[in-house]
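Participant: See run20.cif below, with mmCIF, C-alpha atoms and all ligand atoms.
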```cif
data_entry
loop_
_atom_site.label_atom_id
_atom_site.label_comp_id
_atom_site.auth_asym_id
_atom_site.auth_seq_id
_atom_site.Cartn_x
_atom_site.Cartn_y
_atom_site.Cartn_z
CA THR A 970 6.80 -28.09 -19.78
CA THR A 971 9.29 -26.61 -22.21
CA ALA A 972 6.70 -24.14 -23.45
CA ASP A 973 6.21 -22.90 -19.91
CA ALA A 974 9.94 -22.65 -19.35
CA LEU A 975 10.28 -20.53 -22.50
CA LYS A 976 7.51 -18.19 -21.33
CA ARG A 977 9.23 -17.83 -17.98
CA GLU A 978 12.60 -17.14 -19.64
CA ALA A 979 11.11 -14.41 -21.81
CA ALA A 980 9.42 -12.88 -18.77
CA ALA A 981 12.67 -12.97 -16.81
CA ALA A 982 14.47 -11.16 -19.62
CA ALA A 983 11.81 -8.43 -19.61
CA LEU A 984 12.13 -8.12 -15.84
CA GLU A 985 15.77 -7.05 -16.31
CA MET A 986 14.41 -3.90 -17.99
CA VAL A 987 12.46 -2.88 -14.87
CA ALA A 988 14.03 -0.20 -12.67
CA ASN A 989 13.02 0.93 -9.17
CA GLY A 990 10.24 3.50 -9.23
CA MET A 991 8.90 2.49 -12.64
CA ARG A 992 5.23 2.71 -13.55
CA LEU A 993 4.42 -0.47 -15.47
CA GLY A 994 1.71 -1.76 -17.78
CA LEU A 995 0.95 -5.37 -16.83
CA GLY A 996 -0.05 -7.50 -19.81
CA THR A 997 -2.52 -10.36 -20.12
CA GLY A 998 -2.06 -14.01 -21.04
CA SER A 999 0.08 -16.93 -19.95
CA THR A 1000 3.43 -15.30 -20.78
CA ALA A 1001 2.51 -11.96 -19.19
CA SER A 1002 1.33 -13.86 -16.10
CA TRP A 1003 4.86 -15.20 -15.68
CA PHE A 1004 6.10 -11.57 -15.77
CA VAL A 1005 3.64 -10.62 -13.01
CA ARG A 1006 4.75 -13.61 -10.91
CA LEU A 1007 8.46 -12.83 -11.29
CA LEU A 1008 7.82 -9.12 -10.70
CA ALA A 1009 5.95 -9.98 -7.49
CA GLU A 1010 9.05 -11.80 -6.20
CA ARG A 1011 11.12 -8.65 -6.79
CA VAL A 1012 8.45 -6.51 -5.09
CA ALA A 1013 8.56 -8.83 -2.08
CA ALA A 1014 12.33 -8.26 -2.04
CA GLY A 1015 11.87 -4.49 -1.97
CA LEU A 1016 11.44 -3.34 -5.59
CA GLU A 1017 9.24 -0.25 -5.66
CA VAL A 1018 6.94 -0.24 -8.72
CA VAL A 1019 3.28 0.31 -9.52
CA GLY A 1020 1.34 -1.46 -12.25
CA VAL A 1021 -1.72 -0.82 -14.40
CA PRO A 1022 -3.34 -4.17 -15.25
CA THR A 1023 -4.66 -4.78 -18.78
CA SER A 1024 -7.43 -7.12 -17.63
CA GLU A 1025 -9.43 -8.12 -14.59
CA ALA A 1026 -7.55 -11.43 -14.69
CA THR A 1027 -4.18 -9.70 -14.46
CA ALA A 1028 -5.51 -7.35 -11.77
CA ALA A 1029 -6.61 -10.33 -9.67
CA LEU A 1030 -3.24 -12.07 -10.10
CA ALA A 1031 -1.32 -8.90 -9.23
CA ARG A 1032 -3.44 -8.28 -6.12
CA GLU A 1033 -3.07 -11.92 -5.03
CA LEU A 1034 0.72 -11.65 -5.36
CA GLY A 1035 1.10 -8.19 -3.81
CA VAL A 1036 2.06 -6.08 -6.82
CA PRO A 1037 0.87 -2.51 -6.11
CA LEU A 1038 -1.71 -1.34 -8.65
CA THR A 1039 -2.70 2.08 -9.95
CA THR A 1040 -4.72 3.47 -12.85
CA LEU A 1041 -4.06 5.61 -15.91
CA ASP A 1042 -6.01 8.38 -14.14
CA ASP A 1043 -3.57 8.42 -11.23
CA VAL A 1044 -0.23 8.41 -13.05
CA ASP A 1045 1.05 10.64 -15.82
CA GLY A 1046 1.75 7.85 -18.31
CA LEU A 1047 3.73 4.62 -17.94
CA ASP A 1048 7.42 3.90 -18.33
CA LEU A 1049 7.17 0.34 -19.61
CA THR A 1050 4.45 -2.12 -20.61
CA VAL A 1051 5.29 -5.82 -20.72
CA ASP A 1052 2.79 -7.97 -22.62
CA GLY A 1053 2.54 -11.06 -24.77
CA ALA A 1054 1.43 -11.41 -28.37
CA ASP A 1055 -0.17 -13.96 -30.63
CA GLU A 1056 2.03 -13.04 -33.61
CA PHE A 1057 4.84 -10.58 -34.41
CA ASP A 1058 6.34 -9.75 -37.81
CA GLY A 1059 9.67 -8.30 -38.99
CA GLU A 1060 8.52 -4.74 -38.28
CA LEU A 1061 7.46 -5.73 -34.74
CA ASN A 1062 3.81 -5.26 -35.67
CA LEU A 1063 1.67 -7.56 -33.57
CA VAL A 1064 -1.54 -9.49 -33.55
CA LYS A 1065 -2.91 -9.53 -30.01
CA GLY A 1066 -6.21 -10.37 -28.39
CA GLY A 1067 -6.05 -14.14 -28.10
CA GLY A 1068 -6.84 -13.62 -24.43
CA GLY A 1069 -9.65 -11.15 -25.15
CA ALA A 1070 -7.97 -8.14 -23.50
CA LEU A 1071 -6.89 -6.24 -26.60
CA LEU A 1072 -8.81 -3.01 -25.81
CA ARG A 1073 -7.28 -2.34 -22.41
CA GLU A 1074 -3.93 -3.75 -23.63
CA LYS A 1075 -3.77 -1.22 -26.47
CA ILE A 1076 -4.84 1.71 -24.28
CA VAL A 1077 -2.13 0.82 -21.74
CA ALA A 1078 0.54 0.14 -24.36
CA ALA A 1079 -0.20 3.41 -26.15
CA ASP A 1080 0.24 5.34 -22.88
CA SER A 1081 3.67 3.77 -22.26
CA ALA A 1082 7.10 5.10 -23.20
CA ARG A 1083 8.10 1.56 -24.19
CA MET A 1084 6.28 -1.71 -24.93
CA VAL A 1085 8.25 -4.91 -24.50
CA VAL A 1086 6.62 -8.02 -25.96
CA ILE A 1087 7.52 -11.39 -24.46
CA THR A 1088 7.16 -14.31 -26.83
CA ASP A 1089 8.58 -17.58 -28.11
CA GLU A 1090 9.43 -18.80 -31.61
CA SER A 1091 5.86 -19.91 -32.25
CA LYS A 1092 4.76 -16.28 -32.44
CA ARG A 1093 7.29 -15.20 -35.09
CA VAL A 1094 5.69 -14.84 -38.56
CA GLU A 1095 6.61 -13.29 -41.88
CA TRP A 1096 3.03 -12.17 -42.47
CA LEU A 1097 0.46 -11.45 -39.77
CA GLY A 1098 -2.88 -13.19 -40.10
CA ALA A 1099 -2.43 -16.91 -39.63
CA PHE A 1100 -3.81 -16.24 -36.15
CA PRO A 1101 -7.42 -15.05 -36.49
CA LEU A 1102 -7.54 -11.29 -35.93
CA PRO A 1103 -9.57 -10.35 -32.82
CA ILE A 1104 -11.89 -7.37 -33.40
CA GLU A 1105 -13.78 -5.92 -30.42
CA VAL A 1106 -17.27 -4.72 -31.39
CA VAL A 1107 -20.10 -3.06 -29.47
CA THR A 1108 -23.12 -5.32 -28.98
CA PHE A 1109 -25.51 -2.99 -30.84
CA GLY A 1110 -26.00 -3.49 -34.58
CA THR A 1111 -23.39 -6.22 -35.05
CA GLY A 1112 -24.99 -7.22 -38.38
CA ALA A 1113 -24.02 -3.83 -39.77
CA THR A 1114 -20.60 -3.99 -38.14
CA LEU A 1115 -19.82 -7.37 -39.66
CA ARG A 1116 -20.99 -6.17 -43.09
CA ALA A 1117 -18.66 -3.19 -42.75
CA ILE A 1118 -15.74 -5.42 -41.69
CA ARG A 1119 -16.28 -7.67 -44.73
CA ALA A 1120 -16.44 -4.61 -47.01
CA ALA A 1121 -13.27 -3.10 -45.54
CA ALA A 1122 -11.44 -6.40 -45.93
CA ALA A 1123 -12.65 -6.84 -49.49
CA GLY A 1124 -11.36 -3.36 -50.28
CA LEU A 1125 -7.94 -4.66 -49.30
CA ASP A 1126 -8.28 -7.94 -51.22
CA LEU A 1127 -8.83 -9.78 -47.97
CA SER A 1128 -11.56 -12.28 -47.29
CA GLY A 1129 -12.20 -14.74 -44.54
CA SER A 1130 -14.73 -16.05 -42.08
CA LEU A 1131 -15.86 -13.92 -39.14
CA ALA A 1132 -16.86 -15.71 -35.95
CA PHE A 1133 -17.99 -14.39 -32.57
CA ARG A 1134 -15.71 -15.51 -29.74
CA MET A 1135 -17.76 -17.82 -27.52
CA ASP A 1136 -17.42 -18.54 -23.79
CA SER A 1137 -17.51 -21.93 -22.10
CA ASN A 1138 -21.32 -21.74 -21.78
CA GLY A 1139 -21.80 -21.33 -25.52
CA ASN A 1140 -22.63 -17.65 -25.23
CA ARG A 1141 -20.79 -14.79 -26.93
CA ARG A 1142 -17.73 -13.99 -24.82
CA VAL A 1143 -18.18 -10.62 -23.08
CA THR A 1144 -14.97 -8.62 -22.62
CA ASP A 1145 -13.97 -6.73 -19.45
CA GLN A 1146 -15.46 -3.68 -21.14
CA GLY A 1147 -18.81 -5.38 -21.90
CA ASN A 1148 -18.25 -5.79 -25.64
CA TRP A 1149 -18.08 -8.83 -27.94
CA ILE A 1150 -15.14 -10.12 -29.96
CA VAL A 1151 -15.23 -11.18 -33.61
CA ASP A 1152 -12.30 -13.33 -34.77
CA ALA A 1153 -11.49 -12.72 -38.45
CA SER A 1154 -9.62 -15.46 -40.30
CA PHE A 1155 -7.86 -13.33 -42.90
CA ARG A 1156 -5.01 -15.88 -43.22
CA GLN A 1157 -2.36 -13.46 -44.60
CA ILE A 1158 -2.53 -9.71 -43.94
CA SER A 1159 -0.27 -8.15 -46.58
CA ALA A 1160 -1.01 -4.54 -45.55
CA PRO A 1161 -1.49 -4.46 -41.77
CA LYS A 1162 -1.35 -0.68 -41.47
CA ALA A 1163 -4.08 -0.23 -44.10
CA LEU A 1164 -6.27 -2.90 -42.52
CA ALA A 1165 -5.78 -1.35 -39.06
CA SER A 1166 -6.93 2.06 -40.34
CA ALA A 1167 -9.90 0.61 -42.21
CA LEU A 1168 -11.10 -1.36 -39.19
CA SER A 1169 -10.67 1.60 -36.83
CA ALA A 1170 -12.91 3.69 -39.09
CA ILE A 1171 -15.89 1.34 -38.70
CA PRO A 1172 -18.46 2.83 -36.24
CA GLY A 1173 -19.21 -0.37 -34.32
CA VAL A 1174 -15.59 -1.47 -34.03
CA VAL A 1175 -14.18 -0.48 -30.65
CA GLU A 1176 -10.63 -1.80 -31.23
CA HIS A 1177 -8.76 -4.54 -33.08
CA GLY A 1178 -5.76 -6.74 -32.38
CA LEU A 1179 -3.35 -5.16 -34.88
CA PHE A 1180 -0.72 -3.35 -32.77
CA ILE A 1181 1.11 -1.17 -35.28
CA ASP A 1182 4.19 0.88 -34.26
CA LEU A 1183 3.55 0.14 -30.55
CA ALA A 1184 6.11 -2.52 -29.66
CA SER A 1185 9.61 -1.13 -29.09
CA THR A 1186 11.18 -4.49 -28.21
CA VAL A 1187 10.29 -8.14 -28.78
CA ILE A 1188 11.93 -10.80 -26.62
CA ILE A 1189 11.88 -14.30 -28.09
CA ALA A 1190 12.72 -17.26 -25.88
CA GLY A 1191 13.94 -20.22 -27.91
CA ARG A 1192 15.72 -23.53 -27.29
CA THR A 1193 19.08 -21.89 -28.01
CA GLY A 1194 18.51 -18.94 -25.67
CA VAL A 1195 16.73 -15.61 -25.53
CA GLU A 1196 16.78 -13.23 -28.53
CA ARG A 1197 15.91 -9.54 -28.27
CA ILE A 1198 14.86 -7.37 -31.21
CA ASP A 1199 14.63 -3.61 -30.74
CA ARG A 1200 12.80 -1.35 -33.20
O1 LIG A 1301 -4.55 -11.72 -25.55
C1 LIG A 1301 -3.40 -11.25 -25.64
O2 LIG A 1301 -3.15 -10.19 -26.27
C2 LIG A 1301 -2.26 -12.03 -25.06
O3 LIG A 1301 -1.18 -11.18 -24.74
C3 LIG A 1301 -1.85 -13.03 -26.11
O4 LIG A 1301 -1.62 -12.30 -27.28
C4 LIG A 1301 -0.62 -13.83 -25.74
O5 LIG A 1301 -1.04 -14.78 -24.82
P1 LIG A 1301 -0.06 -15.98 -24.42
O6 LIG A 1301 1.14 -15.33 -23.77
O7 LIG A 1301 -0.88 -16.78 -23.44
O8 LIG A 1301 0.28 -16.73 -25.67
#
```
Can you turn what I pasted into C-alpha cells?
Ligand code: DER

Facilitator:
Amino acid sequence: TTADALKREAAAAALEMVANGMRLGLGTGSTASWFVRLLAERVAAGLEVVGVPTSEATAALARELGVPLTTLDDVDGLDLTVDGADEFDGELNLVKGGGGALLREKIVAADSARMVVITDESKRVEWLGAFPLPIEVVTFGTGATLRAIRAAAAGLDLSGSLAFRMDSNGNRRVTDQGNWIVDASFRQISAPKALASALSAIPGVVEHGLFIDLASTVIIAGRTGVERIDR
C-alpha cells in the first residue's frame, strides 16, 4: 500500500545516515520496523553496527533478522536513534507512545547523540494533541495518579478524557516494563513543554509521550518525495 511505501521510503532515508561502527537506538512501530528490516539487509551485506531495541517487539524482529543487539549498560551512549512518531510539530517536538513503548524509547533517545524521526505527512501537526497523549503510570494508586493528571492539565487550561489503554483481551495493556498506559485526549496542547514538566512531576507517572528537544531530524515521506527537517 502507499502508506507502507511511504514508511519504507522514510526508513531508507534514515538508513543513509548510518555509518559503519555506529551504535544505534532501534525504534518501535510500523515505520521503525521498516528501518530494522532495511538495516538488517545492510548488516547481511557486511555493515558493522549494534542496536539497542526500544521494545521487546523490536528486539524480537532484530534478532530474527540478524541485527546485533546490545544494551545501554554495555555501550557508552548511542550515536543515532531512529524511531517513528505519532505527531511532530514545527519545533520537532513529538507525541510518541502509540505503540506503547514510550518509556524505553525516551530512555534510548535521550542517551543518543542524535534522534532521527521517520514519518509521513499524516504525522505533521501545527499543535500537538490531536493524537491522545500516552502517559505511562505505575499500577499502584492510579486513582490518585489520574486525579493529579487532571489537576495538572487543568492548571494549564487543558481538559480531556483519560482512558486506560486496553489489550485485545479487554484487560489494561501492560507495557514491557510492567506498567499501564493512560491515553489523555487533550485535543490541542498549546504549551507542550509546560505540560511535559507538570506530568513528569506527578509521583505515579513514570513517563509520558511528549518528546521535547529530543528529535534532531524529522524525515517526512510524501507523495512528492522525502523531506528532511533538521533542528
Ligand atoms: O509508539 C511509538 O512511539 C511509535 O514510534 C509510534 O509513535 C509510531 O508508530 P508508527 O510508525 O507505526 O505510526

Participant: Dump as a Markdown table the rows for residues of segment 1118-1138 of chain A within 12 Å of segment 1096-1100 of chain A: closest atom pair and distance in Å with one decimal, all atoms listed in the file counted, ordered by chain and rising residue number.

Facilitator:
```
| residue | atom | partner | partner_atom | distance |
| --- | --- | --- | --- | --- |
| A:Leu1127 | CA | A:Gly1098 | CA | 10.4 |
| A:Ser1128 | CA | A:Gly1098 | CA | 11.3 |
| A:Gly1129 | CA | A:Gly1098 | CA | 10.4 |
```

Participant: Nearest residue to ligand LIG 1301 (chain A) out of A:Gly1059, A:Gly1067, A:Pro1022, A:Gly1035, using only C-alpha atoms and all ligand atoms?

Facilitator: A:Gly1067

Participant: Please find the residues contacting ligand LIG 1301 (chain A) at a distance of at most 10 Å between atoms, with all atoms listed in the file counted, and report them as JSON, numbers by chain.

Facilitator: {"A": [973, 976, 980, 996, 997, 998, 999, 1000, 1001, 1002, 1003, 1023, 1024, 1051, 1052, 1053, 1054, 1055, 1056, 1057, 1063, 1064, 1065, 1066, 1067, 1068, 1069, 1070, 1071, 1072, 1073, 1074, 1075, 1086, 1087, 1088, 1089, 1091, 1092, 1100, 1103, 1178, 1179, 1180]}

Participant: Near Asp1042 of chain A, within 12 Å and counting all atoms listed in the file, which residues show up once chain neighbours fewer than 3 positions away are dropped, as number ranges by chain?

Facilitator: A: 1021, 1038-1039, 1045-1047, 1077, 1080

Participant: Which residue is closest to Arg1197 of chain A? Choose from A:Gly1020, A:Ser1185, A:Ala1170, A:Leu1034 and count all atoms listed in the file.

Facilitator: A:Ser1185

Participant: Within 7 Å of (9.6, -12.8, -15.1) (file coordinates; all atoms listed in the file), which protein or nucleic acid residues are there? I'd like them as an MDAnalysis selection string.

Facilitator: chainID A and resid 977:978 980:984 1003:1008

Participant: Interatomic distance between atom CA of Ile1150 of chain A and atom CA of Ser1137 of chain A?

Facilitator: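 So the two atoms, atom CA of Ile1150 of chain A and atom CA of Ser1137 of chain A, lie 14.4 Å apart.
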
Participant: Rounded to one decimal place, report the atom CA of Thr1111 of chain A-atom CA of Asp1126 of chain A distance in Å.

Facilitator: 22.2 Å

Participant: May I ask which of the residues A:Ala988, A:Ala1163, A:Ala1014, A:Leu993 is the closest one to Ala1031 of chain A, counting all atoms listed in the file?

Facilitator: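 Closest candidate: A:Leu993.
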
Participant: Rank nothing, just name the residue among A:Leu1125, A:Ala1078, A:Ala1153, A:Ala972 nearest to Ile1181 of chain A, using all atoms listed in the file.

Facilitator: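 That would be A:Ala1078, the residue with the smallest distance to Ile1181 of chain A.
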
Participant: Figure out the distance between atom CA of His1177 of chain A and atom CA of Ala1132 of chain A, please, to one decimal in Å.

Facilitator: 14.1 Å

Participant: For a quick check of understanding, using only C-alpha atoms, which of A:Glu1090, A:Leu1183, A:Pro1172, A:Gly1015 has the smallest distance to Ala979 of chain A?

Facilitator: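 Residue with the minimum atom-to-atom distance to Ala979 of chain A: A:Glu1090.
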
Participant: Which residue gives the smallest distance to Ala974 of chain A among A:Arg1134, A:Arg1192, A:Arg1083, A:Arg1156, with all atoms listed in the file counted?

Facilitator: A:Arg1192

Participant: Fix up segment 1110-1121 of chain A with all heavy atoms, then write it as a PDB file, keeping the file's coordinate frame.

Facilitator:
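Below is the file selection_35.pdb, written as the result:
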```
ATOM      1  N   GLY A1110     -26.110  -3.586 -33.129  1.00  0.00           N
ATOM      2  CA  GLY A1110     -26.000  -3.490 -34.580  1.00  0.00           C
ATOM      3  C   GLY A1110     -24.863  -4.312 -35.173  1.00  0.00           C
ATOM      4  O   GLY A1110     -24.266  -3.918 -36.183  1.00  0.00           O
ATOM      5  N   THR A1111     -24.563  -5.466 -34.588  1.00  0.00           N
ATOM      6  CA  THR A1111     -23.390  -6.220 -35.050  1.00  0.00           C
ATOM      7  C   THR A1111     -23.573  -6.691 -36.493  1.00  0.00           C
ATOM      8  O   THR A1111     -22.569  -6.893 -37.190  1.00  0.00           O
ATOM      9  CB  THR A1111     -23.123  -7.433 -34.151  1.00  0.00           C
ATOM     10  OG1 THR A1111     -24.329  -8.183 -34.005  1.00  0.00           O
ATOM     11  CG2 THR A1111     -22.633  -6.986 -32.792  1.00  0.00           C
ATOM     12  N   GLY A1112     -24.812  -6.844 -36.969  1.00  0.00           N
ATOM     13  CA  GLY A1112     -24.990  -7.220 -38.380  1.00  0.00           C
ATOM     14  C   GLY A1112     -24.357  -6.171 -39.286  1.00  0.00           C
ATOM     15  O   GLY A1112     -23.600  -6.493 -40.205  1.00  0.00           O
ATOM     16  N   ALA A1113     -24.610  -4.920 -38.964  1.00  0.00           N
ATOM     17  CA  ALA A1113     -24.020  -3.830 -39.770  1.00  0.00           C
ATOM     18  C   ALA A1113     -22.513  -3.804 -39.611  1.00  0.00           C
ATOM     19  O   ALA A1113     -21.766  -3.620 -40.580  1.00  0.00           O
ATOM     20  CB  ALA A1113     -24.626  -2.493 -39.330  1.00  0.00           C
ATOM     21  N   THR A1114     -22.044  -4.022 -38.387  1.00  0.00           N
ATOM     22  CA  THR A1114     -20.600  -3.990 -38.140  1.00  0.00           C
ATOM     23  C   THR A1114     -19.880  -5.089 -38.910  1.00  0.00           C
ATOM     24  O   THR A1114     -18.840  -4.852 -39.536  1.00  0.00           O
ATOM     25  CB  THR A1114     -20.328  -4.118 -36.626  1.00  0.00           C
ATOM     26  OG1 THR A1114     -21.059  -3.101 -35.938  1.00  0.00           O
ATOM     27  CG2 THR A1114     -18.844  -3.977 -36.315  1.00  0.00           C
ATOM     28  N   LEU A1115     -20.462  -6.276 -38.911  1.00  0.00           N
ATOM     29  CA  LEU A1115     -19.820  -7.370 -39.660  1.00  0.00           C
ATOM     30  C   LEU A1115     -19.854  -7.099 -41.157  1.00  0.00           C
ATOM     31  O   LEU A1115     -18.863  -7.361 -41.858  1.00  0.00           O
ATOM     32  CB  LEU A1115     -20.509  -8.711 -39.335  1.00  0.00           C
ATOM     33  CG  LEU A1115     -19.879  -9.489 -38.168  1.00  0.00           C
ATOM     34  CD1 LEU A1115     -20.013  -8.743 -36.864  1.00  0.00           C
ATOM     35  CD2 LEU A1115     -20.467 -10.881 -38.034  1.00  0.00           C
ATOM     36  N   ARG A1116     -20.947  -6.521 -41.658  1.00  0.00           N
ATOM     37  CA  ARG A1116     -20.990  -6.170 -43.090  1.00  0.00           C
ATOM     38  C   ARG A1116     -19.887  -5.162 -43.401  1.00  0.00           C
ATOM     39  O   ARG A1116     -19.188  -5.262 -44.404  1.00  0.00           O
ATOM     40  CB  ARG A1116     -22.359  -5.581 -43.464  1.00  0.00           C
ATOM     41  CG  ARG A1116     -23.457  -6.610 -43.665  1.00  0.00           C
ATOM     42  CD  ARG A1116     -24.733  -6.005 -44.254  1.00  0.00           C
ATOM     43  NE  ARG A1116     -25.442  -5.163 -43.298  1.00  0.00           N
ATOM     44  CZ  ARG A1116     -26.286  -5.633 -42.374  1.00  0.00           C
ATOM     45  NH1 ARG A1116     -26.470  -6.951 -42.260  1.00  0.00           N
ATOM     46  NH2 ARG A1116     -26.916  -4.819 -41.533  1.00  0.00           N
ATOM     47  N   ALA A1117     -19.683  -4.221 -42.511  1.00  0.00           N
ATOM     48  CA  ALA A1117     -18.660  -3.190 -42.750  1.00  0.00           C
ATOM     49  C   ALA A1117     -17.254  -3.793 -42.669  1.00  0.00           C
ATOM     50  O   ALA A1117     -16.353  -3.408 -43.429  1.00  0.00           O
ATOM     51  CB  ALA A1117     -18.814  -2.068 -41.728  1.00  0.00           C
ATOM     52  N   ILE A1118     -17.052  -4.765 -41.781  1.00  0.00           N
ATOM     53  CA  ILE A1118     -15.740  -5.420 -41.690  1.00  0.00           C
ATOM     54  C   ILE A1118     -15.454  -6.179 -42.979  1.00  0.00           C
ATOM     55  O   ILE A1118     -14.365  -6.075 -43.551  1.00  0.00           O
ATOM     56  CB  ILE A1118     -15.676  -6.370 -40.471  1.00  0.00           C
ATOM     57  CG1 ILE A1118     -15.726  -5.584 -39.161  1.00  0.00           C
ATOM     58  CG2 ILE A1118     -14.439  -7.253 -40.529  1.00  0.00           C
ATOM     59  CD1 ILE A1118     -15.905  -6.458 -37.915  1.00  0.00           C
ATOM     60  N   ARG A1119     -16.459  -6.915 -43.474  1.00  0.00           N
ATOM     61  CA  ARG A1119     -16.280  -7.670 -44.730  1.00  0.00           C
ATOM     62  C   ARG A1119     -15.956  -6.716 -45.875  1.00  0.00           C
ATOM     63  O   ARG A1119     -15.080  -6.972 -46.695  1.00  0.00           O
ATOM     64  CB  ARG A1119     -17.541  -8.474 -45.048  1.00  0.00           C
ATOM     65  CG  ARG A1119     -17.731  -9.686 -44.153  1.00  0.00           C
ATOM     66  CD  ARG A1119     -18.776 -10.655 -44.701  1.00  0.00           C
ATOM     67  NE  ARG A1119     -19.067 -11.697 -43.715  1.00  0.00           N
ATOM     68  CZ  ARG A1119     -20.044 -11.600 -42.805  1.00  0.00           C
ATOM     69  NH1 ARG A1119     -20.827 -10.511 -42.785  1.00  0.00           N
ATOM     70  NH2 ARG A1119     -20.236 -12.559 -41.918  1.00  0.00           N
ATOM     71  N   ALA A1120     -16.664  -5.576 -45.914  1.00  0.00           N
ATOM     72  CA  ALA A1120     -16.440  -4.610 -47.010  1.00  0.00           C
ATOM     73  C   ALA A1120     -15.040  -4.005 -46.912  1.00  0.00           C
ATOM     74  O   ALA A1120     -14.332  -3.871 -47.916  1.00  0.00           O
ATOM     75  CB  ALA A1120     -17.502  -3.515 -46.948  1.00  0.00           C
ATOM     76  N   ALA A1121     -14.622  -3.677 -45.711  1.00  0.00           N
ATOM     77  CA  ALA A1121     -13.270  -3.100 -45.540  1.00  0.00           C
ATOM     78  C   ALA A1121     -12.217  -4.107 -45.961  1.00  0.00           C
ATOM     79  O   ALA A1121     -11.244  -3.771 -46.643  1.00  0.00           O
ATOM     80  CB  ALA A1121     -13.081  -2.690 -44.082  1.00  0.00           C
TER      81      ALA A1121
END
```
